[in-house]
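**Student:** File name run.cif; file contents mmCIF, C-alpha atoms and all ligand atoms; full text below.
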```cif
data_coords
loop_
_atom_site.label_atom_id
_atom_site.label_comp_id
_atom_site.auth_asym_id
_atom_site.auth_seq_id
_atom_site.Cartn_x
_atom_site.Cartn_y
_atom_site.Cartn_z
CA MET A 1 106.09 73.13 114.80
CA SER A 2 105.40 69.46 115.60
CA THR A 3 106.75 66.72 113.36
CA ASP A 4 104.08 64.29 114.58
CA PRO A 5 102.65 62.79 111.34
CA GLY A 6 99.13 63.44 112.56
CA HIS A 7 99.73 67.14 113.04
CA ILE A 8 98.37 69.59 110.43
CA PRO A 9 100.34 72.84 110.51
CA ALA A 10 98.57 76.17 109.97
CA ALA A 11 101.08 77.10 107.24
CA LYS A 12 103.76 75.22 105.33
CA PRO A 13 106.33 77.36 103.48
CA VAL A 14 107.97 75.56 100.53
CA ILE A 15 111.76 75.38 100.28
CA GLY A 16 112.09 72.56 97.76
CA GLU A 17 114.94 71.22 95.64
CA ASP A 18 114.25 73.80 92.91
CA GLU A 19 114.61 76.66 95.38
CA ILE A 20 117.78 75.15 96.88
CA GLU A 21 119.35 74.65 93.44
CA ALA A 22 118.54 78.22 92.46
CA ALA A 23 120.11 79.58 95.65
CA VAL A 24 123.27 77.49 95.20
CA ARG A 25 123.58 78.58 91.55
CA VAL A 26 123.55 82.23 92.65
CA LEU A 27 126.02 81.68 95.49
CA ARG A 28 128.43 79.97 93.06
CA SER A 29 128.05 82.82 90.56
CA GLY A 30 129.44 85.38 93.01
CA MET A 31 126.85 87.98 91.90
CA VAL A 32 124.70 88.04 94.99
CA ILE A 33 123.29 91.56 95.57
CA GLN A 34 120.75 93.28 93.30
CA GLY A 35 122.22 91.71 90.18
CA PRO A 36 120.83 89.79 87.20
CA GLU A 37 118.46 87.62 89.24
CA VAL A 38 116.79 90.68 90.75
CA ALA A 39 116.38 92.25 87.29
CA ALA A 40 114.89 89.01 85.93
CA PHE A 41 112.54 88.65 88.92
CA GLU A 42 111.25 92.21 88.39
CA GLU A 43 110.67 91.53 84.70
CA GLU A 44 108.86 88.24 85.33
CA PHE A 45 106.73 89.58 88.19
CA SER A 46 105.55 92.36 85.89
CA ALA A 47 103.51 89.79 83.92
CA LEU A 48 101.42 89.19 87.06
CA VAL A 49 100.46 92.88 87.36
CA ASP A 50 99.40 93.91 83.84
CA GLY A 51 102.96 94.75 82.77
CA ARG A 52 103.49 97.48 85.35
CA HIS A 53 106.98 98.54 86.46
CA CYS A 54 108.33 96.38 89.29
CA VAL A 55 111.10 97.23 91.74
CA ALA A 56 112.27 94.54 94.16
CA VAL A 57 113.21 95.36 97.75
CA ASN A 58 114.17 93.42 100.88
CA ALA A 59 110.67 93.12 102.42
CA GLY A 60 107.01 93.92 101.92
CA THR A 61 107.18 96.53 104.66
CA SER A 62 109.98 98.29 102.75
CA ALA A 63 107.84 98.21 99.61
CA LEU A 64 105.02 99.97 101.50
CA LEU A 65 107.37 102.50 103.09
CA LEU A 66 109.15 103.42 99.85
CA SER A 67 105.82 103.70 97.99
CA LEU A 68 104.64 106.28 100.51
CA VAL A 69 107.96 108.16 100.53
CA ALA A 70 108.05 108.27 96.72
CA ALA A 71 104.45 109.55 96.75
CA GLY A 72 105.70 112.48 98.82
CA ILE A 73 103.77 111.49 101.93
CA GLY A 74 105.17 112.63 105.29
CA ALA A 75 104.59 114.72 108.38
CA GLY A 76 101.29 116.58 108.36
CA ASP A 77 99.65 114.17 105.94
CA GLU A 78 97.00 111.57 106.68
CA VAL A 79 96.69 108.13 105.08
CA ILE A 80 93.48 106.13 105.49
CA ILE A 81 94.10 102.46 106.27
CA PRO A 82 92.23 99.57 107.84
CA SER A 83 93.00 98.83 111.48
CA PHE A 84 92.17 95.15 110.87
CA THR A 85 95.48 94.16 109.23
CA PHE A 86 99.06 93.24 110.07
CA ALA A 87 100.90 96.05 111.90
CA ALA A 88 103.22 96.62 108.90
CA THR A 89 100.45 98.58 107.17
CA GLY A 90 100.22 101.14 109.97
CA ASN A 91 103.95 101.05 110.73
CA SER A 92 104.84 102.04 107.18
CA VAL A 93 102.52 105.05 107.33
CA ALA A 94 103.65 106.17 110.79
CA LEU A 95 107.36 105.78 109.94
CA THR A 96 107.01 108.37 107.16
CA GLY A 97 105.83 110.85 109.81
CA ALA A 98 102.30 110.82 108.40
CA THR A 99 99.27 109.96 110.54
CA PRO A 100 97.44 106.68 109.92
CA VAL A 101 93.69 107.27 110.04
CA PHE A 102 91.79 104.07 110.64
CA ALA A 103 88.64 103.15 108.73
CA ASP A 104 86.31 100.25 109.49
CA ILE A 105 85.84 97.07 107.48
CA ASP A 106 83.04 95.35 105.62
CA PRO A 107 81.91 92.49 107.90
CA GLU A 108 81.54 90.05 104.97
CA THR A 109 84.96 90.50 103.33
CA PHE A 110 87.06 91.94 106.20
CA ASN A 111 88.30 94.55 103.67
CA LEU A 112 88.01 98.35 103.93
CA SER A 113 84.45 99.67 103.94
CA PRO A 114 84.24 102.38 101.24
CA GLU A 115 81.63 104.28 103.32
CA SER A 116 83.93 104.32 106.33
CA VAL A 117 86.84 105.47 104.14
CA GLU A 118 84.81 108.36 102.74
CA ALA A 119 83.76 109.44 106.23
CA ALA A 120 87.43 109.52 107.34
CA ILE A 121 88.58 111.98 104.64
CA THR A 122 89.85 115.37 105.88
CA PRO A 123 91.71 118.22 104.14
CA ARG A 124 94.98 116.51 105.21
CA THR A 125 94.19 113.15 103.60
CA LYS A 126 96.73 112.29 100.90
CA ALA A 127 96.19 108.60 100.24
CA ILE A 128 94.08 105.51 100.81
CA MET A 129 95.91 102.26 101.49
CA PRO A 130 93.56 99.30 101.00
CA VAL A 131 94.75 95.88 102.14
CA HIS A 132 93.61 92.87 100.09
CA LEU A 133 93.19 90.95 103.31
CA TYR A 134 93.56 87.17 103.45
CA GLY A 135 93.96 87.13 99.64
CA GLN A 136 90.63 88.68 98.65
CA ALA A 137 90.72 91.84 96.52
CA ALA A 138 89.29 94.94 98.21
CA ASP A 139 86.50 96.87 96.46
CA MET A 140 88.76 98.73 94.04
CA GLY A 141 85.77 100.03 92.08
CA ARG A 142 84.27 102.06 94.94
CA LEU A 143 87.65 102.92 96.47
CA GLY A 144 88.92 104.13 93.10
CA GLU A 145 85.85 106.37 92.69
CA ILE A 146 86.36 107.88 96.15
CA ALA A 147 90.07 108.45 95.52
CA GLY A 148 89.32 110.07 92.16
CA LYS A 149 86.61 112.32 93.58
CA HIS A 150 88.86 113.61 96.38
CA GLY A 151 92.18 113.66 94.48
CA LEU A 152 93.80 110.98 96.66
CA ALA A 153 96.51 108.47 95.76
CA ILE A 154 95.89 104.75 96.20
CA VAL A 155 98.73 102.62 97.54
CA GLU A 156 97.68 98.96 97.62
CA ASP A 157 98.90 96.64 100.35
CA ALA A 158 98.88 93.46 98.26
CA ALA A 159 101.17 91.56 100.64
CA GLN A 160 98.64 88.71 101.01
CA ALA A 161 97.11 88.65 97.54
CA HIS A 162 99.54 87.68 94.74
CA GLY A 163 97.40 86.75 91.73
CA SER A 164 94.07 87.92 93.15
CA THR A 165 91.80 90.04 90.93
CA TRP A 166 89.07 92.69 91.10
CA GLU A 167 86.70 92.52 88.13
CA GLY A 168 89.28 90.48 86.26
CA ARG A 169 92.16 92.92 86.78
CA PRO A 170 95.03 91.84 89.02
CA VAL A 171 95.55 93.46 92.41
CA GLY A 172 98.63 95.63 92.28
CA ALA A 173 97.43 97.12 88.97
CA PHE A 174 95.09 99.73 90.47
CA GLY A 175 97.10 102.18 92.55
CA LEU A 176 99.80 104.77 92.01
CA ALA A 177 101.77 102.03 93.74
CA ALA A 178 101.27 98.60 95.24
CA ALA A 179 103.39 96.54 97.63
CA PHE A 180 103.78 92.76 97.63
CA SER A 181 105.54 90.66 100.29
CA PHE A 182 107.57 87.50 99.78
CA TYR A 183 107.74 86.39 103.42
CA PRO A 184 107.84 82.56 103.75
CA THR A 185 104.20 82.07 104.78
CA LYS A 186 102.80 84.22 101.92
CA ASN A 187 101.38 82.56 98.78
CA MET A 188 104.87 82.81 97.27
CA HIS A 189 108.14 83.78 98.94
CA SER A 190 111.78 84.76 98.49
CA LEU A 191 112.80 84.01 102.13
CA GLU A 192 112.36 87.75 102.81
CA GLY A 193 111.45 90.17 100.05
CA GLY A 194 109.03 92.67 98.61
CA MET A 195 108.03 94.31 95.33
CA VAL A 196 106.87 97.81 94.50
CA VAL A 197 104.56 97.92 91.48
CA THR A 198 103.64 101.15 89.66
CA PRO A 199 102.36 102.30 86.26
CA ASP A 200 104.67 105.35 86.37
CA ALA A 201 108.26 105.04 85.07
CA GLY A 202 109.42 108.13 86.97
CA PHE A 203 107.93 106.79 90.21
CA ALA A 204 109.66 103.44 89.61
CA ARG A 205 112.99 105.23 89.14
CA THR A 206 112.49 107.09 92.45
CA ILE A 207 111.90 103.72 94.17
CA ARG A 208 115.13 102.40 92.59
CA LEU A 209 117.01 105.37 94.00
CA LEU A 210 115.39 105.14 97.44
CA ARG A 211 116.23 101.44 97.83
CA ASN A 212 119.93 102.03 97.14
CA GLN A 213 121.27 105.13 98.94
CA GLY A 214 119.74 107.48 96.37
CA MET A 215 122.01 106.32 93.58
CA GLU A 216 121.61 104.54 90.28
CA ARG A 217 125.29 104.82 89.29
CA ARG A 218 127.72 104.08 92.08
CA TYR A 219 128.73 107.18 94.10
CA ALA A 220 126.53 109.41 91.97
CA ASN A 221 124.01 109.91 94.78
CA GLU A 222 121.03 111.97 93.64
CA ILE A 223 118.70 111.94 96.66
CA LEU A 224 118.69 110.63 100.24
CA GLY A 225 118.07 106.91 100.29
CA TYR A 226 118.01 103.71 102.29
CA ASN A 227 119.64 100.32 101.81
CA LEU A 228 116.62 98.10 101.23
CA ARG A 229 118.04 96.01 98.37
CA MET A 230 117.02 92.45 97.56
CA THR A 231 119.71 89.78 97.32
CA ASP A 232 120.07 87.66 94.19
CA VAL A 233 119.59 84.55 96.33
CA SER A 234 116.15 85.84 97.30
CA ALA A 235 115.32 86.84 93.73
CA ALA A 236 116.33 83.41 92.39
CA ILE A 237 114.06 81.71 94.95
CA GLY A 238 111.28 84.18 94.14
CA ARG A 239 111.59 83.39 90.41
CA VAL A 240 111.17 79.66 91.11
CA GLN A 241 108.16 80.31 93.33
CA LEU A 242 106.56 82.67 90.80
CA THR A 243 106.40 79.83 88.26
CA LYS A 244 104.41 77.79 90.80
CA LEU A 245 102.13 80.55 92.10
CA ARG A 246 99.19 79.93 89.76
CA GLY A 247 99.05 76.22 90.57
CA TRP A 248 99.40 76.88 94.28
CA ASN A 249 96.62 79.50 94.20
CA GLU A 250 94.35 77.03 92.39
CA ARG A 251 95.12 74.45 95.07
CA ARG A 252 94.29 76.96 97.79
CA GLN A 253 90.96 77.73 96.05
CA ALA A 254 90.15 74.03 95.69
CA ASN A 255 91.10 73.45 99.34
CA ALA A 256 88.85 76.35 100.40
CA ALA A 257 85.93 74.83 98.46
CA LYS A 258 86.46 71.51 100.26
CA LEU A 259 86.59 73.27 103.63
CA ASP A 260 83.40 75.21 102.76
CA ALA A 261 81.64 71.93 101.99
CA GLY A 262 83.03 70.15 105.06
CA ILE A 263 82.14 72.90 107.51
CA GLY A 264 78.72 73.55 105.96
CA SER A 265 76.41 76.51 106.40
CA LEU A 266 74.02 75.19 109.06
CA GLY A 267 76.15 75.66 112.17
CA GLY A 268 77.21 78.94 113.73
CA VAL A 269 80.71 78.91 112.22
CA ARG A 270 80.65 81.10 109.11
CA VAL A 271 82.89 80.24 106.17
CA PRO A 272 84.57 83.06 104.19
CA ALA A 273 82.44 85.04 101.72
CA VAL A 274 83.73 86.16 98.35
CA ALA A 275 82.35 89.49 97.13
CA ALA A 276 80.92 89.92 93.63
CA GLY A 277 83.78 91.26 91.51
CA ALA A 278 86.52 89.87 93.75
CA SER A 279 88.63 86.77 93.45
CA HIS A 280 90.15 85.17 96.53
CA VAL A 281 93.52 83.39 96.60
CA TYR A 282 93.09 82.25 100.22
CA HIS A 283 96.34 83.38 101.75
CA GLN A 284 94.19 82.64 104.78
CA TYR A 285 90.95 80.69 105.09
CA THR A 286 89.26 82.61 107.86
CA VAL A 287 86.02 81.65 109.57
CA ARG A 288 83.92 83.59 112.07
CA VAL A 289 83.06 81.96 115.36
CA PRO A 290 80.33 83.79 117.29
CA ALA A 291 79.61 84.56 120.89
CA GLY A 292 82.95 84.22 122.61
CA ARG A 293 83.54 80.62 121.42
CA ARG A 294 86.50 81.33 119.11
CA ASP A 295 89.24 80.45 121.59
CA ALA A 296 87.38 77.28 122.61
CA LEU A 297 87.20 76.19 118.97
CA GLN A 298 90.92 76.83 118.62
CA GLU A 299 91.61 74.63 121.67
CA HIS A 300 89.30 71.93 120.28
CA LEU A 301 91.33 71.94 117.02
CA THR A 302 94.70 71.98 118.82
CA ALA A 303 93.62 68.91 120.82
CA GLN A 304 93.04 67.12 117.51
CA GLY A 305 96.42 68.14 116.10
CA ILE A 306 95.03 70.83 113.80
CA GLY A 307 96.92 74.11 113.67
CA SER A 308 95.05 77.42 113.42
CA ALA A 309 95.78 81.07 114.08
CA VAL A 310 94.11 84.38 114.87
CA TYR A 311 94.91 87.13 112.35
CA TYR A 312 94.67 89.58 114.08
CA PRO A 313 93.80 89.45 117.78
CA THR A 314 94.51 93.15 118.39
CA PRO A 315 93.48 95.70 115.75
CA THR A 316 96.28 98.13 114.85
CA HIS A 317 94.54 101.12 116.48
CA ARG A 318 94.62 99.31 119.85
CA LEU A 319 98.35 98.49 119.70
CA PRO A 320 100.60 100.58 122.01
CA PRO A 321 102.59 102.32 119.20
CA PHE A 322 99.32 103.72 117.85
CA ALA A 323 98.13 104.94 121.25
CA GLY A 324 96.51 108.35 121.44
CA THR A 325 93.48 109.51 119.53
CA ALA A 326 93.50 106.41 117.32
CA GLN A 327 92.49 104.27 120.30
CA ASP A 328 89.17 106.12 120.41
CA ALA A 329 88.41 105.42 116.75
CA ASP A 330 84.91 104.02 116.39
CA LEU A 331 85.49 100.75 114.52
CA PRO A 332 82.81 98.29 115.67
CA GLU A 333 83.23 95.80 112.80
CA THR A 334 87.00 95.76 113.33
CA LEU A 335 86.59 94.94 117.03
CA ARG A 336 83.99 92.27 116.31
CA ALA A 337 86.20 90.63 113.67
CA ALA A 338 89.22 90.61 116.00
CA ALA A 339 87.12 88.72 118.56
CA GLU A 340 85.57 86.25 116.11
CA VAL A 341 88.09 85.27 113.41
CA LEU A 342 90.01 82.02 113.21
CA SER A 343 92.21 81.02 110.26
CA LEU A 344 92.31 77.31 109.38
CA PRO A 345 94.97 75.47 107.32
CA VAL A 346 94.40 75.96 103.55
CA HIS A 347 97.97 75.66 102.18
CA PRO A 348 98.64 73.67 98.98
CA ALA A 349 100.33 70.75 100.78
CA LEU A 350 97.10 69.59 102.48
CA THR A 351 95.73 66.19 101.50
CA ASP A 352 92.04 65.42 100.93
CA ALA A 353 92.06 63.35 104.13
CA GLU A 354 93.45 66.30 106.08
CA LEU A 355 90.85 68.66 104.62
CA THR A 356 88.10 66.21 105.58
CA ARG A 357 89.55 65.98 109.11
CA ILE A 358 89.56 69.78 109.46
CA GLY A 359 85.96 70.07 108.21
CA GLU A 360 84.78 67.34 110.59
CA ALA A 361 86.64 68.83 113.54
CA VAL A 362 85.03 72.24 112.98
CA SER A 363 81.52 70.97 112.30
CA SER A 364 81.62 68.65 115.35
CA PHE A 365 82.48 71.54 117.65
CA ASP A 366 79.71 72.41 120.08
CA LEU A 367 79.04 76.14 119.82
CA GLY A 368 76.94 75.84 122.98
CA ASP A 369 74.52 78.61 121.85
C1 LIG B 401 103.22 90.31 105.47
C2 LIG B 401 102.51 91.62 105.39
C3 LIG B 401 103.20 92.83 105.25
C4 LIG B 401 104.68 92.96 105.40
O1 LIG B 401 105.44 92.16 104.61
P1 LIG B 401 106.94 91.75 105.10
O2 LIG B 401 107.51 91.15 103.88
O3 LIG B 401 106.79 90.81 106.24
O4 LIG B 401 107.63 93.01 105.50
C5 LIG B 401 102.47 93.99 105.07
N1 LIG B 401 101.12 93.98 105.06
C6 LIG B 401 100.42 92.84 105.21
C7 LIG B 401 98.93 92.90 105.17
C8 LIG B 401 101.09 91.63 105.41
O5 LIG B 401 100.38 90.51 105.59
#
```
So that I can check it, write out the structure of this file as structure tokens.
**Tutor:**
Amino acid sequence: MSTDPGHIPAAKPVIGEDEIEAAVRVLRSGMVIQGPEVAAFEEEFSALVDGRHCVAVNAGTSALLLSLVAAGIGAGDEVIIPSFTFAATGNSVALTGATPVFADIDPETFNLSPESVEAAITPRTKAIMPVHLYGQAADMGRLGEIAGKHGLAIVEDAAQAHGSTWEGRPVGAFGLAAAFSFYPTKNMHSLEGGMVVTPDAGFARTIRLLRNQGMERRYANEILGYNLRMTDVSAAIGRVQLTKLRGWNERRQANAAKLDAGIGSLGGVRVPAVAAGASHVYHQYTVRVPAGRRDALQEHLTAQGIGSAVYYPTPTHRLPPFAGTAQDADLPETLRAAAEVLSLPVHPALTDAELTRIGEAVSSFDLGD
């Protein structure tokens, strides 16, 4: 990352004095692994997800994996997921031994298309794993109906959507389980970290066992388990960040509105749409650039010192680990999105002048119809 004052980075994780003080306090306390800070973080995070049970783990991917394992999903089962997401979604399914079945997305929201999900259901389907991509809640109304009708579990991948809502209810409060990530570039972080959220106390206890060698009391191992514990240093940083999340999300939303206005609706670059019923916390601000001009726009921005990124250039079903039948999946909207999307800076540290610069740089780009 450049330190040139004119450079606008695509993301800017916060490790401020509050986070540093919290980490030092924990290190001096000597209680550093899954101790009082982790318990307090779980309790405080619960307020964000309608009071559901929260179990902290070492990463968002671990939260997804343990949610699936605790739901009894494994070899012979199918889980319907989007292909247009970070590979962790598909990895977590495949690592249980289950088969990820890829459904297409809605071209407006980039989230799972309920019609495509319904068409992908087979007698082996056990769960649907919607991703609230870029910070916008997926259509939990339609997906919930489909899951109910076919007796399927919902496991939400809420890694990018802390604080987002569907019809006023927070993401993470819909499924049998939901997974959040606290990786540094996410809307809040704990260096590395994740959270499993569930309405079911028994399910939460199973997650607690699975994250710690299958034991609650030391050496009283009840089931097979992993070591996917969170450290108290991470939890203390996460607690600080959680107090700032609402303000940061509001900044991201205000920044997105300024970018919308700066980019405008007349050119060929399309600003993000927010579906009726959804809120958007803009983990990413992602535009569509038509007709093979996406990479040229990215170069145009780079030349002006403006960072940007493509999430995700290769859909999961086209990645080598998912080779086989999945590569033949018919996902036209997924392929089109992978070719057209570009994420612009939207993080809370941006100044008004920087937002204006980004808007002008995008709207001055020649799409060359
Ligand atoms: C970041 C992310 C994950 C994984 O989280 P980690 O904490 O990096 O393991 C999973 N799914 C999505 C959609 C993500 O963006």
**Student:** May I ask you to write as a PyMOL selection string all residues lying at most 8 Å from ligand LIG 401 (chain B), with all atoms listed in the file counted?
**Tutor:** chain A and resi 58-64+85-89+131-134+157-160+179-183+186+192-194
**Student:** May I have a table of the residues of region 165-272 of chain A lying at most 12 Å from region 106-126 of chain A, giving each one's closest pair of atoms and their distance in Å to one decimal, counting all atoms listed in the file, ordered by chain and ascending residue number, as CSV?
**Tutor:**
```
residue,atom,partner,partner_atom,distance
A:Arg270,CA,A:Glu108,CA,9.9
A:Val271,CA,A:Glu108,CA,10.0
A:Pro272,CA,A:Thr109,CA,7.5
```
**Student:** Please indicate the distance in Å from CA of Glu78 (chain A) to CA of Thr99 (chain A), rounded to one decimal place.
**Tutor:**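 CA of Thr99 (chain A) lies 4.8 Å from CA of Glu78 (chain A).
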**Student:** For a quick check of understanding, using all atoms listed in the file, which of A:Ile15, A:Ala296, A:Val289, A:Met230 has the smallest distance to Ile33 (chain A)?
**Tutor:**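 Nearest to Ile33 (chain A): A:Met230.
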**Student:** Show me, as a PyMOL selection string, the residues that have an atom within 7 Å of region 335-340 of chain A when counting all atoms listed in the file, minus same-chain residues fewer than 4 positions from it.
**Tutor:** chain A and resi 288-290+294+312-315+331
**Student:** Just add N, CA and C atoms to region 66-81 of chain A and send it as a PDB file, keeping the file's coordinate frame.
**Tutor:**
```
ATOM      1  N   LEU A  66     108.589 102.679 100.979  1.00  0.00           N
ATOM      2  CA  LEU A  66     109.150 103.420  99.850  1.00  0.00           C
ATOM      3  C   LEU A  66     108.044 103.952  98.934  1.00  0.00           C
ATOM      4  N   SER A  67     106.947 103.209  98.797  1.00  0.00           N
ATOM      5  CA  SER A  67     105.820 103.700  97.990  1.00  0.00           C
ATOM      6  C   SER A  67     105.289 105.014  98.552  1.00  0.00           C
ATOM      7  N   LEU A  68     105.156 105.069  99.871  1.00  0.00           N
ATOM      8  CA  LEU A  68     104.640 106.280 100.510  1.00  0.00           C
ATOM      9  C   LEU A  68     105.644 107.421 100.392  1.00  0.00           C
ATOM     10  N   VAL A  69     106.922 107.120 100.614  1.00  0.00           N
ATOM     11  CA  VAL A  69     107.960 108.160 100.530  1.00  0.00           C
ATOM     12  C   VAL A  69     108.010 108.719  99.105  1.00  0.00           C
ATOM     13  N   ALA A  70     107.983 107.821  98.118  1.00  0.00           N
ATOM     14  CA  ALA A  70     108.050 108.270  96.720  1.00  0.00           C
ATOM     15  C   ALA A  70     106.801 109.056  96.322  1.00  0.00           C
ATOM     16  N   ALA A  71     105.682 108.798  97.008  1.00  0.00           N
ATOM     17  CA  ALA A  71     104.450 109.550  96.750  1.00  0.00           C
ATOM     18  C   ALA A  71     104.473 110.905  97.451  1.00  0.00           C
ATOM     19  N   GLY A  72     105.564 111.184  98.158  1.00  0.00           N
ATOM     20  CA  GLY A  72     105.700 112.480  98.820  1.00  0.00           C
ATOM     21  C   GLY A  72     104.926 112.597 100.108  1.00  0.00           C
ATOM     22  N   ILE A  73     104.573 111.478 100.700  1.00  0.00           N
ATOM     23  CA  ILE A  73     103.770 111.490 101.930  1.00  0.00           C
ATOM     24  C   ILE A  73     104.688 111.562 103.150  1.00  0.00           C
ATOM     25  N   GLY A  74     104.355 112.453 104.079  1.00  0.00           N
ATOM     26  CA  GLY A  74     105.170 112.630 105.290  1.00  0.00           C
ATOM     27  C   GLY A  74     104.416 113.404 106.341  1.00  0.00           C
ATOM     28  N   ALA A  75     105.178 114.034 107.238  1.00  0.00           N
ATOM     29  CA  ALA A  75     104.590 114.720 108.380  1.00  0.00           C
ATOM     30  C   ALA A  75     103.506 115.693 107.933  1.00  0.00           C
ATOM     31  N   GLY A  76     102.399 115.681 108.670  1.00  0.00           N
ATOM     32  CA  GLY A  76     101.290 116.580 108.360  1.00  0.00           C
ATOM     33  C   GLY A  76     100.242 115.962 107.457  1.00  0.00           C
ATOM     34  N   ASP A  77     100.592 114.846 106.831  1.00  0.00           N
ATOM     35  CA  ASP A  77      99.650 114.170 105.940  1.00  0.00           C
ATOM     36  C   ASP A  77      98.908 113.055 106.683  1.00  0.00           C
ATOM     37  N   GLU A  78      97.756 112.704 106.140  1.00  0.00           N
ATOM     38  CA  GLU A  78      97.000 111.570 106.680  1.00  0.00           C
ATOM     39  C   GLU A  78      96.818 110.515 105.580  1.00  0.00           C
ATOM     40  N   VAL A  79      96.912 109.251 105.997  1.00  0.00           N
ATOM     41  CA  VAL A  79      96.690 108.130 105.080  1.00  0.00           C
ATOM     42  C   VAL A  79      95.624 107.239 105.714  1.00  0.00           C
ATOM     43  N   ILE A  80      94.578 106.954 104.961  1.00  0.00           N
ATOM     44  CA  ILE A  80      93.480 106.130 105.490  1.00  0.00           C
ATOM     45  C   ILE A  80      93.788 104.664 105.251  1.00  0.00           C
ATOM     46  N   ILE A  81      93.776 103.899 106.329  1.00  0.00           N
ATOM     47  CA  ILE A  81      94.100 102.460 106.270  1.00  0.00           C
ATOM     48  C   ILE A  81      93.100 101.685 107.124  1.00  0.00           C
TER      49      ILE A  81
END
```
